[in-house]
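Peer 1: Next comes query06.txt, compact mmCIF, C-alpha atoms:
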```txt
# COMPACT_ATOMS: atom_id res chain seq x y z
CA MET A 201 -29.48 226.42 -145.66
CA ASN A 202 -32.37 225.22 -143.51
CA ILE A 203 -33.19 221.54 -143.05
CA SER A 204 -36.51 220.46 -141.57
CA VAL A 205 -37.79 216.92 -141.23
CA ARG A 206 -41.33 215.55 -141.27
CA ALA A 207 -42.33 211.93 -140.81
CA SER A 208 -45.05 210.04 -142.65
CA ALA A 209 -45.91 206.35 -142.13
CA THR A 210 -42.77 204.88 -143.69
CA THR A 211 -40.92 207.94 -144.99
CA GLN A 212 -38.84 210.73 -143.54
CA ILE A 213 -39.53 213.84 -145.62
CA VAL A 214 -36.71 216.38 -145.64
CA ASP A 215 -37.50 219.97 -146.67
CA LEU A 216 -34.41 221.85 -147.85
CA GLU A 217 -34.38 225.64 -148.11
CA GLY A 218 -31.74 228.15 -149.21
CA ASP A 219 -28.29 227.39 -150.63
CA VAL A 220 -26.30 224.14 -150.50
CA ASP A 221 -22.67 224.91 -151.19
CA LEU A 222 -19.18 224.06 -149.98
CA GLY A 223 -19.95 225.64 -146.61
CA SER A 224 -23.25 223.89 -145.95
CA SER A 225 -23.00 220.51 -147.71
CA PRO A 226 -21.09 218.80 -144.82
CA SER A 227 -23.97 219.43 -142.40
CA LEU A 228 -26.49 218.25 -145.02
CA ARG A 229 -24.42 215.10 -145.57
CA LYS A 230 -24.35 214.29 -141.85
CA LYS A 231 -28.08 214.91 -141.43
CA LEU A 232 -29.09 212.74 -144.38
CA PHE A 233 -26.76 209.89 -143.38
CA ASP A 234 -28.22 209.96 -139.85
CA LEU A 235 -31.82 210.04 -141.09
CA LEU A 236 -31.21 207.16 -143.50
CA ARG A 237 -30.37 204.94 -140.57
CA GLU A 238 -33.67 205.76 -138.84
CA SER A 239 -36.08 205.15 -141.70
CA PRO A 240 -36.62 202.78 -144.64
CA LYS A 241 -37.16 205.72 -146.98
CA LEU A 242 -35.96 209.31 -147.39
CA ALA A 243 -37.76 211.80 -149.62
CA ILE A 244 -36.03 215.13 -150.21
CA ASN A 245 -38.14 218.19 -151.06
CA LEU A 246 -36.07 220.59 -153.22
CA LYS A 247 -38.83 223.13 -153.93
CA ALA A 248 -37.31 225.90 -151.81
CA LEU A 249 -33.68 225.25 -152.72
CA ARG A 250 -32.22 228.35 -154.38
CA TYR A 251 -28.79 226.94 -155.19
CA ILE A 252 -26.91 223.65 -155.09
CA ASP A 253 -23.28 223.25 -156.13
CA SER A 254 -21.28 220.18 -157.07
CA SER A 255 -20.51 219.40 -153.42
CA GLY A 256 -24.26 219.27 -152.78
CA ILE A 257 -24.80 217.02 -155.80
CA ALA A 258 -21.94 214.80 -154.59
CA THR A 259 -23.62 214.61 -151.18
CA LEU A 260 -26.90 213.46 -152.75
CA ILE A 261 -25.03 210.82 -154.79
CA GLU A 262 -23.23 209.61 -151.65
CA VAL A 263 -26.50 209.25 -149.74
CA LEU A 264 -28.12 207.50 -152.72
CA LYS A 265 -25.28 204.96 -152.81
CA ASP A 266 -25.58 204.43 -149.06
CA ALA A 267 -29.34 203.91 -149.41
CA GLN A 268 -28.79 201.36 -152.17
CA SER A 269 -26.29 199.43 -150.07
CA LEU A 270 -28.72 199.45 -147.12
CA LYS A 271 -31.62 198.41 -149.42
CA LYS A 272 -33.49 201.62 -148.58
CA GLU A 273 -35.27 204.15 -150.80
CA PHE A 274 -33.97 207.64 -151.58
CA VAL A 275 -36.20 209.94 -153.61
CA LEU A 276 -35.99 213.59 -154.70
CA PHE A 277 -39.10 215.64 -155.44
CA ASN A 278 -40.35 219.14 -156.31
CA LEU A 279 -37.11 220.23 -157.99
CA SER A 280 -36.99 224.02 -158.17
CA PRO A 281 -36.06 225.57 -161.56
CA ALA A 282 -32.59 226.38 -160.16
CA VAL A 283 -32.05 222.75 -159.13
CA GLN A 284 -33.38 221.48 -162.47
CA ASP A 285 -30.80 223.65 -164.24
CA VAL A 286 -27.99 222.20 -162.11
CA PHE A 287 -29.18 218.63 -162.67
CA ARG A 288 -29.22 219.22 -166.43
CA LEU A 289 -25.78 220.82 -166.31
CA THR A 290 -24.29 217.96 -164.30
CA HIS A 291 -26.11 215.17 -166.19
CA VAL A 292 -27.27 213.48 -162.97
CA ASN A 293 -31.02 213.30 -163.76
CA ARG A 294 -30.88 209.59 -164.56
CA ILE A 295 -29.00 208.67 -161.39
CA PHE A 296 -31.85 209.59 -159.03
CA ARG A 297 -35.51 208.71 -158.72
CA ILE A 298 -37.11 212.14 -159.20
CA CYS A 299 -40.81 212.77 -158.52
CA ASP A 300 -43.00 215.74 -159.39
CA SER A 301 -45.00 215.72 -156.15
CA GLU A 302 -44.76 214.70 -152.51
CA GLU A 303 -47.66 212.28 -152.99
CA GLU A 304 -45.73 210.47 -155.71
CA ALA A 305 -42.51 210.57 -153.70
CA VAL A 306 -43.95 208.91 -150.61
CA SER A 307 -45.81 206.22 -152.52
CA PRO A 308 -43.99 202.89 -153.07
CA ALA A 309 -41.68 202.74 -156.12
CA MET B 249 -12.91 240.67 -147.98
CA SER B 250 -12.78 243.86 -149.99
CA ALA B 251 -14.49 244.79 -153.24
CA THR B 252 -13.70 247.73 -155.47
CA GLU B 253 -15.44 248.82 -158.62
CA THR B 254 -13.92 250.92 -161.36
CA ALA B 255 -15.85 252.21 -164.35
CA ALA B 256 -13.42 252.13 -167.29
CA ASP B 257 -15.98 253.20 -169.86
CA SER B 258 -19.72 253.35 -170.24
CA ARG B 259 -20.03 249.61 -170.98
CA SER B 260 -17.44 248.25 -168.57
CA ILE B 261 -17.39 247.39 -164.91
CA ARG B 262 -14.66 245.59 -163.01
CA VAL B 263 -15.24 244.07 -159.57
CA THR B 264 -12.33 242.66 -157.59
CA PHE B 265 -12.61 240.45 -154.52
CA VAL B 266 -9.66 239.83 -152.23
CA MET B 267 -10.68 237.32 -149.60
CA ALA B 268 -9.61 234.47 -147.38
CA SER B 269 -10.19 230.91 -148.56
CA GLN B 270 -13.47 230.50 -146.67
CA PRO B 271 -16.80 229.20 -147.98
CA CYS B 272 -18.71 231.93 -146.11
CA TYR B 273 -17.71 234.40 -148.87
CA LEU B 274 -19.11 232.29 -151.70
CA PRO B 275 -22.69 233.66 -151.47
CA VAL B 276 -21.35 237.23 -151.78
CA VAL B 277 -19.45 236.35 -154.95
CA ARG B 278 -22.43 234.45 -156.38
CA ALA B 279 -24.69 237.45 -155.85
CA THR B 280 -22.25 239.78 -157.61
CA VAL B 281 -21.63 237.45 -160.55
CA GLY B 282 -25.39 237.05 -160.94
CA GLN B 283 -25.87 240.81 -161.07
CA LEU B 284 -23.12 241.23 -163.66
CA ALA B 285 -24.46 238.44 -165.89
CA ALA B 286 -28.00 239.80 -165.69
CA MET B 287 -26.72 243.30 -166.48
CA ILE B 288 -25.05 242.06 -169.67
CA GLY B 289 -28.30 240.41 -170.68
CA TRP B 290 -28.14 236.70 -169.96
CA GLU B 291 -31.44 235.05 -169.08
CA GLU B 292 -32.02 233.31 -165.76
CA THR B 293 -30.85 229.82 -166.74
CA ASP B 294 -27.60 231.07 -168.31
CA THR B 295 -27.01 233.44 -165.40
CA ARG B 296 -27.36 230.56 -162.96
CA ALA B 297 -24.89 228.50 -165.01
CA ILE B 298 -22.30 231.29 -165.02
CA ILE B 299 -22.73 231.77 -161.26
CA MET B 300 -22.16 228.06 -160.76
CA ALA B 301 -19.04 227.97 -162.95
CA VAL B 302 -17.38 230.77 -160.94
CA ASP B 303 -18.54 229.28 -157.65
CA GLU B 304 -17.04 225.90 -158.63
CA ALA B 305 -13.72 227.51 -159.54
CA LEU B 306 -13.59 229.22 -156.14
CA ALA B 307 -14.63 226.05 -154.32
CA ASN B 308 -11.84 224.15 -156.11
CA VAL B 309 -9.31 226.69 -154.84
CA ILE B 310 -10.60 226.34 -151.26
CA ARG B 311 -10.69 222.52 -151.42
CA HIS B 312 -7.73 221.61 -153.59
CA ALA B 313 -5.29 224.53 -153.58
CA TYR B 314 -5.65 225.31 -149.85
CA HIS B 315 -7.07 221.94 -148.69
CA GLY B 316 -9.72 223.66 -146.58
CA ARG B 317 -7.22 225.95 -144.85
CA PRO B 318 -9.13 229.16 -143.99
CA ASP B 319 -6.23 231.65 -144.31
CA GLY B 320 -5.29 231.28 -147.98
CA ARG B 321 -5.40 234.39 -150.15
CA VAL B 322 -7.89 234.37 -153.02
CA GLU B 323 -8.22 237.11 -155.60
CA LEU B 324 -11.06 237.18 -158.09
CA GLU B 325 -11.51 239.83 -160.75
CA CYS B 326 -14.83 239.94 -162.59
CA HIS B 327 -14.84 242.16 -165.68
CA ALA B 328 -18.00 242.85 -167.59
CA ALA B 329 -17.24 244.62 -170.85
CA GLY B 330 -19.79 244.96 -173.64
CA ASP B 331 -21.25 241.51 -174.22
CA GLU B 332 -18.48 239.63 -172.45
CA LEU B 333 -17.87 238.55 -168.88
CA ARG B 334 -14.31 237.63 -167.92
CA PHE B 335 -12.96 236.14 -164.70
CA ARG B 336 -9.40 235.96 -163.40
CA LEU B 337 -8.88 233.96 -160.23
CA ARG B 338 -5.53 233.74 -158.44
CA ASP B 339 -4.40 231.69 -155.47
CA THR B 340 -1.05 230.84 -153.94
CA GLY B 341 -1.87 227.31 -152.85
CA ASP B 342 -1.03 223.98 -154.46
CA SER B 343 -1.15 223.92 -158.24
CA PRO B 344 -4.07 222.09 -159.88
CA ASP B 345 -3.35 218.55 -161.04
CA PRO B 346 -4.03 218.49 -164.82
CA ALA B 347 -4.92 214.79 -164.56
CA ARG B 348 -7.87 215.61 -162.29
CA ILE B 349 -9.36 218.33 -164.49
CA CYS B 350 -12.48 216.92 -166.21
CA ALA B 351 -11.39 213.39 -165.28
CA ARG B 352 -14.89 212.28 -164.26
CA THR B 353 -17.09 210.35 -166.68
CA VAL B 354 -20.08 212.52 -167.59
CA GLY B 355 -23.41 211.13 -166.32
CA SER B 356 -21.78 208.63 -163.97
CA ASN B 357 -22.54 208.28 -160.27
CA GLU B 358 -18.95 208.99 -159.21
CA ILE B 359 -18.83 211.23 -156.15
CA GLY B 360 -16.38 213.98 -157.15
CA GLY B 361 -15.01 215.80 -160.18
CA LEU B 362 -18.19 217.55 -161.33
CA GLY B 363 -16.89 221.09 -160.88
CA THR B 364 -14.37 221.24 -163.71
CA HIS B 365 -16.91 219.73 -166.14
CA ILE B 366 -19.42 222.42 -165.20
CA ILE B 367 -16.86 225.17 -165.74
CA ARG B 368 -15.80 223.81 -169.14
CA ASP B 369 -19.40 223.29 -170.30
CA VAL B 370 -20.57 226.76 -169.27
CA MET B 371 -17.69 229.07 -170.19
CA ASP B 372 -16.50 229.77 -173.75
CA THR B 373 -12.82 229.77 -172.80
CA VAL B 374 -11.10 228.32 -169.75
CA SER B 375 -7.42 228.13 -168.86
CA TYR B 376 -5.38 227.07 -165.86
CA GLN B 377 -1.85 228.45 -165.51
CA THR B 378 0.84 228.40 -162.87
CA SER B 379 3.38 231.22 -162.51
CA PRO B 380 5.72 232.46 -159.76
CA GLU B 381 2.85 234.73 -158.61
CA GLY B 382 0.55 231.74 -158.07
CA ASN B 383 -2.09 229.72 -159.85
CA TRP B 384 -4.33 231.46 -162.37
CA PHE B 385 -7.74 230.40 -163.54
CA VAL B 386 -8.98 232.54 -166.42
CA ALA B 387 -12.38 232.12 -168.06
CA ALA B 388 -14.67 234.13 -170.30
CA LYS B 389 -18.12 233.98 -171.80
CA ARG B 390 -19.72 236.13 -174.48
CA LEU B 391 -23.44 236.75 -174.84
CA ARG B 392 -24.76 235.70 -178.22
CA ARG B 393 -27.65 238.03 -178.94
CA LYS B 394 -30.55 236.73 -180.99
CA THR B 395 -30.92 238.68 -184.24
```
How does the structure come out when it is put into structure tokens?
Peer 2:
Amino acid sequence: MNISVRASATTQIVDLEGDVDLGSSPSLRKKLFDLLRESPKLAINLKALRYIDSSGIATLIEVLKDAQSLKKEFVLFNLSPAVQDVFRLTHVNRIFRICDSEEEAVSPA
Amino acid sequence: MSATETAADSRSIRVTFVMASQPCYLPVVRATVGQLAAMIGWEETDTRAIIMAVDEALANVIRHAYHGRPDGRVELECHAAGDELRFRLRDTGDSPDPARICARTVGSNEIGGLGTHIIRDVMDTVSYQTSPEGNWFVAAKRLRRKT
């Protein structure tokens, strides 16, 4: 899994690439928790994510809950077909704010 | 890790993994399961679901049977025969707690417990057994061809 971070005016944009699984989700968790403390908004680009397992989904839910408690925004966008399948399978679509594009993701809710 | 393949007949292939309880082996297993599912004829979405179900079963063994210990023994047999894909997974760690299997509320924002729901939703049959030889997870799925 590769994690790269870009900054816009009020948003940290995180590009995820590769596989998020039991081996890689702890490092993703740490990175997202750290970034959330530095910015009022996190937007996660899932376009290049090939695979995400339940530990990865649990990580995203944890970060979302942390964002809510800190009154910050946490948005997912550009879900790859593989990620869309997993979200359907795990019934978590309604938990997150999911956007179709980066433009929509960085604009205010 | 070792993998052996034995052709029993023209429509059967059996792949066995014997590996340590380490997440670094999960991508290898996922790739193999994906190839087997595609060979039988599942489309991409179903293939991804089957891969995830097996991956979740293995991850549960690493996390809950061996509690992250890297030296546990894990055996996984994948058997593709005709239109069916069968998996037998054995470990010698702690037995699964029946109360925790599918205990999560579907669609909730609880943190854990997704894995067993995924397995149950994807596979046709799923069973968890404990014997003197260890803990067994057995699951199967049959391709329903469109007529």
Peer 1: Skipping near chain neighbours, those fewer than 2 positions away, what residues fall within 6 Å of stretch 387-389 of chain B using all atoms listed in the file, listed as a VMD selection string?
Peer 2: chain B and resid 332 to 335 371 to 374
Peer 1: What's the separation between atom CA of A:Ser239 and atom CA of A:Pro226, in Å to one decimal place?
Peer 2: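 Spanning atom CA of A:Ser239 to atom CA of A:Pro226 is a straight-line distance of 20.5 Å.
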Peer 1: Give the residues of chain A that lie within 7 Å of chain B; count all atoms listed in the file, and format the answer as a list in words.
Peer 2: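 Putting it all together, I get Leu222, Gly223, Asp253, Ser254, Ala258, Ile261, Glu262, Asp285, Leu289, Thr290, His291, Val292 and Ile295 of chain A.
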Peer 1: Atom CA of A:Phe274 and atom CA of A:Val214 are how many Å apart?
Peer 2: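 We find that atom CA of A:Phe274 and atom CA of A:Val214 lie 10.9 Å from each other.
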Peer 1: For a test of reading the model, state the distance in Å between atom CA of B:Glu291 and atom CA of A:Ser255, rounded to one decimal.
Peer 2: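 Taking atom CA of B:Glu291 as the start and atom CA of A:Ser255 as the end point, the length is 24.7 Å.
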Peer 1: Tell me which protein, DNA and RNA residues are within 10 Å of stretch 315-330 of chain B, counting all atoms listed in the file, leaving out same-chain ones fewer than 6 positions away, and put them as a CSV table (one decimal) with C-alpha atoms, keeping the file's coordinate frame.
Peer 2:
```csv
chain,number,residue,atom,x,y,z
B,249,MET,CA,-12.9,240.7,-148.0
B,250,SER,CA,-12.8,243.9,-150.0
B,251,ALA,CA,-14.5,244.8,-153.2
B,252,THR,CA,-13.7,247.7,-155.5
B,253,GLU,CA,-15.4,248.8,-158.6
B,254,THR,CA,-13.9,250.9,-161.4
B,256,ALA,CA,-13.4,252.1,-167.3
B,257,ASP,CA,-16.0,253.2,-169.9
B,258,SER,CA,-19.7,253.4,-170.2
B,259,ARG,CA,-20.0,249.6,-171.0
B,260,SER,CA,-17.4,248.2,-168.6
B,261,ILE,CA,-17.4,247.4,-164.9
B,262,ARG,CA,-14.7,245.6,-163.0
B,263,VAL,CA,-15.2,244.1,-159.6
B,264,THR,CA,-12.3,242.7,-157.6
B,265,PHE,CA,-12.6,240.4,-154.5
B,266,VAL,CA,-9.7,239.8,-152.2
B,267,MET,CA,-10.7,237.3,-149.6
B,268,ALA,CA,-9.6,234.5,-147.4
B,269,SER,CA,-10.2,230.9,-148.6
B,270,GLN,CA,-13.5,230.5,-146.7
B,271,PRO,CA,-16.8,229.2,-148.0
B,277,VAL,CA,-19.4,236.4,-155.0
B,280,THR,CA,-22.2,239.8,-157.6
B,281,VAL,CA,-21.6,237.4,-160.6
B,284,LEU,CA,-23.1,241.2,-163.7
B,285,ALA,CA,-24.5,238.4,-165.9
B,287,MET,CA,-26.7,243.3,-166.5
B,288,ILE,CA,-25.0,242.1,-169.7
B,302,VAL,CA,-17.4,230.8,-160.9
B,306,LEU,CA,-13.6,229.2,-156.1
B,307,ALA,CA,-14.6,226.0,-154.3
B,308,ASN,CA,-11.8,224.2,-156.1
B,309,VAL,CA,-9.3,226.7,-154.8
B,336,ARG,CA,-9.4,236.0,-163.4
B,337,LEU,CA,-8.9,234.0,-160.2
B,338,ARG,CA,-5.5,233.7,-158.4
B,339,ASP,CA,-4.4,231.7,-155.5
B,340,THR,CA,-1.0,230.8,-153.9
B,341,GLY,CA,-1.9,227.3,-152.8
B,342,ASP,CA,-1.0,224.0,-154.5
B,384,TRP,CA,-4.3,231.5,-162.4
B,385,PHE,CA,-7.7,230.4,-163.5
B,386,VAL,CA,-9.0,232.5,-166.4
B,387,ALA,CA,-12.4,232.1,-168.1
B,388,ALA,CA,-14.7,234.1,-170.3
B,389,LYS,CA,-18.1,234.0,-171.8
B,390,ARG,CA,-19.7,236.1,-174.5
B,391,LEU,CA,-23.4,236.8,-174.8
```
Peer 1: Given all atoms listed in the file as the basis, pick out the residue of A:Asn278, A:Asn293, A:Ser208, A:Met201 nearest to A:Asp221.
Peer 2: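 Among A:Asn278, A:Asn293, A:Ser208, A:Met201, it is A:Met201 that comes nearest to A:Asp221.
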Peer 1: Extract, using all atoms listed in the file, all DNA, RNA and protein residues at most 9 Å from A:Leu270, discarding same-chain residues fewer than 3 positions from it, and format them as a VMD selection string.
Peer 2: chain A and resid 236 to 237 240 265 to 267 273
Peer 1: Please provide as a short mmCIF file (atom, residue, chain, number, x, y, z; two decimals) with C-alpha atoms, in the coordinates of the input all residues within 7 Å of A:Ser280, with the sequence filter that same-chain residues fewer than 4 positions apart are discarded (counting all atoms listed in the file).
Peer 2:
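This went into around_16.cif:
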```cif
data_model
loop_
_atom_site.label_atom_id
_atom_site.label_comp_id
_atom_site.auth_asym_id
_atom_site.auth_seq_id
_atom_site.Cartn_x
_atom_site.Cartn_y
_atom_site.Cartn_z
CA LEU A 246 -36.07 220.59 -153.22
CA LYS A 247 -38.83 223.13 -153.93
CA ALA A 248 -37.31 225.90 -151.81
CA LEU A 249 -33.68 225.25 -152.72
CA GLN A 284 -33.38 221.48 -162.47
#
```
